[in-house]
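Containing compact mmCIF, C-alpha atoms: upload.txt.
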# COMPACT_ATOMS: atom_id res chain seq x y z
CA MET Y 1 143.81 173.23 48.05
CA GLN Y 2 141.95 175.97 49.90
CA LYS Y 3 139.18 174.76 52.19
CA LYS Y 4 135.73 175.99 51.19
CA ARG Y 5 133.22 177.08 53.81
CA PHE Y 6 129.48 177.02 53.20
CA ASP Y 7 126.63 178.67 55.07
CA ILE Y 8 124.23 175.83 55.84
CA LYS Y 9 121.20 178.11 56.05
CA ASN Y 10 121.85 179.52 52.58
CA LEU Y 11 122.38 176.06 51.08
CA LEU Y 12 119.02 174.89 52.40
CA LYS Y 13 117.07 177.94 51.26
CA GLU Y 14 118.40 178.00 47.71
CA LYS Y 15 116.15 175.15 46.46
CA ASN Y 16 112.50 174.27 46.85
CA ASN Y 17 113.14 170.61 45.94
CA GLY Y 18 116.70 170.12 47.14
CA LEU Y 19 118.44 166.77 47.41
CA TYR Y 20 120.92 166.30 50.25
CA ILE Y 21 122.99 163.62 51.96
CA ILE Y 22 123.75 163.75 55.68
CA ALA Y 23 126.38 161.29 56.92
CA GLU Y 24 126.82 160.43 60.57
CA GLU Y 25 130.39 159.50 61.52
CA LEU Y 26 131.29 158.08 58.13
CA ASN Y 27 134.81 156.66 58.54
CA ASP Y 28 135.88 155.11 55.24
CA PRO Y 29 137.56 157.57 52.84
CA GLY Y 30 136.48 155.56 49.79
CA ASN Y 31 132.85 155.63 50.93
CA LEU Y 32 132.89 159.39 51.45
CA GLY Y 33 134.54 160.05 48.10
CA THR Y 34 132.08 157.77 46.33
CA ILE Y 35 129.11 159.46 48.03
CA ILE Y 36 130.35 162.90 46.94
CA ARG Y 37 130.96 161.68 43.39
CA THR Y 38 127.50 160.08 43.23
CA ALA Y 39 125.90 163.19 44.73
CA ASP Y 40 127.51 165.20 41.94
CA ALA Y 41 126.24 162.77 39.29
CA CYS Y 42 122.72 162.99 40.76
CA GLY Y 43 122.71 166.77 40.94
CA ALA Y 44 122.53 166.79 44.74
CA ASP Y 45 122.63 170.17 46.44
CA GLY Y 46 124.93 169.29 49.31
CA VAL Y 47 126.63 166.67 51.46
CA PHE Y 48 126.79 167.16 55.22
CA LEU Y 49 129.31 165.32 57.42
CA SER Y 50 128.99 165.02 61.16
CA LYS Y 51 131.83 165.45 63.60
CA GLY Y 52 133.74 162.19 63.83
CA SER Y 53 133.67 161.60 60.07
CA VAL Y 54 136.76 161.05 57.95
CA ASP Y 55 138.57 164.23 56.91
CA LEU Y 56 137.22 165.60 53.62
CA TYR Y 57 140.79 166.49 52.59
CA ASN Y 58 142.13 162.97 53.14
CA SER Y 59 144.00 162.04 49.93
CA LYS Y 60 141.91 158.90 49.36
CA VAL Y 61 138.67 160.89 49.76
CA LEU Y 62 139.86 163.46 47.24
CA ARG Y 63 140.95 160.79 44.74
CA SER Y 64 137.65 158.94 45.14
CA THR Y 65 135.62 162.05 44.32
CA MET Y 66 137.29 162.27 40.89
CA GLY Y 67 136.94 166.07 41.06
CA SER Y 68 133.33 166.11 42.26
CA VAL Y 69 134.46 167.73 45.51
CA PHE Y 70 134.72 170.92 43.41
CA HIS Y 71 131.10 170.65 42.19
CA VAL Y 72 129.07 169.72 45.28
CA PRO Y 73 129.00 171.78 48.47
CA VAL Y 74 130.33 169.65 51.34
CA VAL Y 75 129.77 170.89 54.88
CA THR Y 76 132.01 169.23 57.47
CA ASP Y 77 132.11 168.91 61.26
CA ILE Y 78 128.38 169.46 61.76
CA GLU Y 79 126.62 168.81 65.03
CA ILE Y 80 124.17 166.19 63.73
CA GLU Y 81 121.25 167.12 65.99
CA GLN Y 82 121.47 170.82 65.15
CA CYS Y 83 121.78 169.99 61.46
CA LEU Y 84 118.69 167.77 61.48
CA GLU Y 85 116.72 170.48 63.31
CA LEU Y 86 117.74 173.01 60.67
CA PHE Y 87 116.57 170.68 57.90
CA LYS Y 88 113.23 170.24 59.69
CA GLN Y 89 112.84 174.02 60.06
CA ASN Y 90 113.34 174.30 56.30
CA LYS Y 91 110.68 171.64 55.64
CA ILE Y 92 113.13 169.14 54.18
CA THR Y 93 112.01 165.55 54.73
CA LEU Y 94 114.61 163.45 56.53
CA TYR Y 95 114.77 159.82 55.41
CA ALA Y 96 116.98 157.57 57.52
CA ALA Y 97 118.50 154.57 55.76
CA HIS Y 98 117.74 152.01 58.45
CA LEU Y 99 117.34 148.26 58.78
CA LYS Y 100 114.17 148.84 60.86
CA GLY Y 101 112.57 150.79 58.02
CA ILE Y 102 109.14 149.58 56.92
CA LYS Y 103 108.72 151.52 53.69
CA THR Y 104 111.08 151.34 50.76
CA PRO Y 105 112.33 154.46 48.96
CA TYR Y 106 110.14 153.38 46.01
CA GLU Y 107 107.04 153.97 48.15
CA CYS Y 108 108.06 157.50 49.21
CA ASP Y 109 107.53 160.80 47.40
CA LEU Y 110 111.10 161.99 46.83
CA LYS Y 111 110.16 164.82 44.45
CA GLN Y 112 110.06 167.39 47.25
CA SER Y 113 113.04 168.56 49.31
CA THR Y 114 114.69 165.40 50.58
CA ALA Y 115 117.66 164.49 52.74
CA PHE Y 116 118.95 160.95 53.10
CA VAL Y 117 120.68 160.25 56.41
CA ILE Y 118 123.40 157.59 56.17
CA GLY Y 119 125.04 156.02 59.20
CA ASN Y 120 128.45 154.80 60.17
CA GLU Y 121 129.71 151.76 58.25
CA ALA Y 122 129.96 149.53 61.34
CA ARG Y 123 127.25 150.87 63.65
CA GLY Y 124 124.69 152.45 61.34
CA LEU Y 125 122.81 155.47 62.66
CA SER Y 126 122.68 156.32 66.33
CA GLU Y 127 119.27 155.82 67.93
CA LYS Y 128 118.90 159.54 68.59
CA THR Y 129 119.63 160.43 64.96
CA ALA Y 130 117.21 157.79 63.66
CA GLU Y 131 114.48 159.08 66.02
CA MET Y 132 114.91 162.62 64.72
CA CYS Y 133 114.27 161.58 61.13
CA ASP Y 134 110.80 161.77 59.58
CA ARG Y 135 110.85 158.24 58.21
CA LEU Y 136 113.00 155.13 58.40
CA ILE Y 137 113.35 153.56 54.97
CA LYS Y 138 114.84 150.27 53.95
CA ILE Y 139 116.30 149.23 50.63
CA PRO Y 140 114.82 145.85 49.67
CA MET Y 141 117.42 143.07 49.79
CA PRO Y 142 115.95 139.73 48.69
CA GLY Y 143 119.37 138.10 49.02
CA LYS Y 144 121.07 137.03 52.22
CA ALA Y 145 123.19 140.15 52.86
CA GLU Y 146 122.34 141.94 56.10
CA SER Y 147 123.15 145.41 54.84
CA LEU Y 148 124.68 147.42 52.02
CA ASN Y 149 127.90 149.40 51.91
CA ALA Y 150 127.19 153.02 52.97
CA SER Y 151 128.09 154.51 49.59
CA VAL Y 152 126.04 151.90 47.71
CA ALA Y 153 123.00 152.58 49.92
CA ALA Y 154 123.40 156.32 49.40
CA ALA Y 155 123.65 155.79 45.63
CA VAL Y 156 120.51 153.64 45.48
CA LEU Y 157 118.58 156.27 47.43
CA MET Y 158 119.85 159.24 45.42
CA TYR Y 159 119.13 157.54 42.12
CA GLU Y 160 115.57 156.74 43.19
CA ALA Y 161 115.11 160.46 43.87
CA VAL Y 162 116.56 161.22 40.43
CA ARG Y 163 114.25 158.65 38.79
CA GLN Y 164 111.20 160.19 40.42
CA ARG Y 165 112.22 163.71 39.43
CA LEU Y 166 112.84 162.97 35.74

Kindly present the structure from the file in structure tokens form.
Amino acid sequence: MQKKRFDIKNLLKEKNNGLYIIAEELNDPGNLGTIIRTADACGADGVFLSKGSVDLYNSKVLRSTMGSVFHVPVVTDIEIEQCLELFKQNKITLYAAHLKGIKTPYECDLKQSTAFVIGNEARGLSEKTAEMCDRLIKIPMPGKAESLNASVAAAVLMYEAVRQRL
């Protein structure tokens, strides 16, 4: 399989209401594959992976995407701070999935250009990354679980954006 390369600037300028996922140091191959597959199902415009994330070409990642890796642009080995700055320059709202979030995704306008920032499975987002985002959002969890799996959280967020855009 030949590795694809994407120009981040072009990906961000192609849409006026783009939907993106940015993952910081995502380590689980199944999570990454599931996020890519869900991004494809939701019509997302790109997935961005920071340095320190699992290899996109890991066999378990590729199997988990069920072919969606061929449909969604995936940019790997990004410097997270530079990436977030580029999103801001392109007027794309950055929503951090974060346990300290006050608003839920259901209270946010996700019809405009939106990027959901998902953290590492064990540590969540780094403080610096969370601070760079426009808003911390929290998925309501009336049960006793402390958090959601990274790919499940990403799916809930993407599908709320899809629901609002229908």

Inset, instruction - Write out as a list of chain:residue names which residues come within 9 Å of range 49-52 of chain Y when counting all atoms listed in the file, dropping same-chain ones fewer than 5 positions away. - result: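 What passes the distance filter is Y:Ile21, Y:Ile22, Y:Ala23, Y:Glu24, Y:Glu25, Y:Leu26, Y:Asn27, Y:Val74, Y:Val75, Y:Thr76, Y:Asp77, Y:Ile78, Y:Glu79, Y:Ile80, Y:Cys83.
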
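Take the candidates Y:Ser126, Y:Asn10, Y:Gln82, Y:Thr65 and check each one against Asn31 in chain Y using all atoms listed in the file; the shortest distance goes to Y:Thr65.
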
Legend entry - Separation of CA of Val47 in chain Y from CA of Thr104 in chain Y, in Å and rounded to one decimal: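 Interatomic distance, CA of Val47 in chain Y to CA of Thr104 in chain Y: 21.8 Å.
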
Inset, instruction - Excluding Gly30 in chain Y and residues on its chain fewer than 4 positions from it, collect all residues at most 10 Å away from it, counting only C-alpha atoms, and give them as a list in words. - result: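 The neighbour list is Thr34, Ile35, Ile36, Val54, Asn58, Ser59, Lys60, Val61, Leu62, Arg63, Ser64, Thr65 and Ser151 of chain Y.
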
Inset, instruction - Please write as a list in words the list of polymer residues whose atoms come within 9 Å of (120.9, 153.5, 49.9), counting all atoms listed in the file and keeping to the coordinates of the file. - result: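 Those within range, by chain then number, are Ala97, Pro105, Phe116, Ile118, Lys138, Ile139, Leu148, Asn149, Ala150, Ser151, Val152, Ala153, Ala154, Ala155, Val156, Leu157, Met158 and Tyr159 of chain Y.
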
Please dump the current selection as a JSON list (two decimals), keeping the file's coordinate frame; keep C-alpha atoms.
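That gives us selection-v4.json:
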[["chain", "number", "residue", "atom", "x", "y", "z"],
["Y", 97, "ALA", "CA", 118.50, 154.57, 55.76],
["Y", 105, "PRO", "CA", 112.33, 154.46, 48.96],
["Y", 116, "PHE", "CA", 118.95, 160.95, 53.10],
["Y", 118, "ILE", "CA", 123.40, 157.59, 56.17],
["Y", 138, "LYS", "CA", 114.84, 150.27, 53.95],
["Y", 139, "ILE", "CA", 116.30, 149.23, 50.63],
["Y", 148, "LEU", "CA", 124.68, 147.42, 52.02],
["Y", 149, "ASN", "CA", 127.90, 149.40, 51.91],
["Y", 150, "ALA", "CA", 127.19, 153.02, 52.97],
["Y", 151, "SER", "CA", 128.09, 154.51, 49.59],
["Y", 152, "VAL", "CA", 126.04, 151.90, 47.71],
["Y", 153, "ALA", "CA", 123.00, 152.58, 49.92],
["Y", 154, "ALA", "CA", 123.40, 156.32, 49.40],
["Y", 155, "ALA", "CA", 123.65, 155.79, 45.63],
["Y", 156, "VAL", "CA", 120.51, 153.64, 45.48],
["Y", 157, "LEU", "CA", 118.58, 156.27, 47.43],
["Y", 158, "MET", "CA", 119.85, 159.24, 45.42],
["Y", 159, "TYR", "CA", 119.13, 157.54, 42.12]]

Legend entry - Interatomic distance (Å, one decimal) between CA of Phe48 in chain Y and CA of Tyr20 in chain Y: 7.7 Å

Legend entry - Contacts of Gly18 in chain Y at 9 Å (all atoms listed in the file; same-chain gap of 3+ positions) as a VMD selection string: chain Y and resid 12 to 15 44 to 46 92 111 to 115

Inset, instruction - Find the residue from Y:Ser147, Y:Asn120, Y:Ser53, Y:Thr38 that sits nearest to Gly67 in chain Y; use all atoms listed in the file when measuring. - result: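 Result for the nearest residue to Gly67 in chain Y: Y:Thr38.
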
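The residue that comes closest to Thr93 in chain Y, out of Y:Asn17, Y:Val72, Y:Leu56, Y:Ala145 and on the basis of all atoms listed in the file, is Y:Asn17.
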
Legend entry - Length of the CA of Val117 in chain Y to CA of Tyr95 in chain Y vector [Å]: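 Rounded to one decimal, the two atoms are 6.0 Å apart.
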
Inset, instruction - Identify which of the residues Y:Val162, Y:Cys133, Y:Leu84, Y:Leu32 lies closest to Leu110 in chain Y, counting all atoms listed in the file when measuring atom-to-atom distances. - result: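 The shortest atom-to-atom distance to Leu110 in chain Y comes from Y:Val162.
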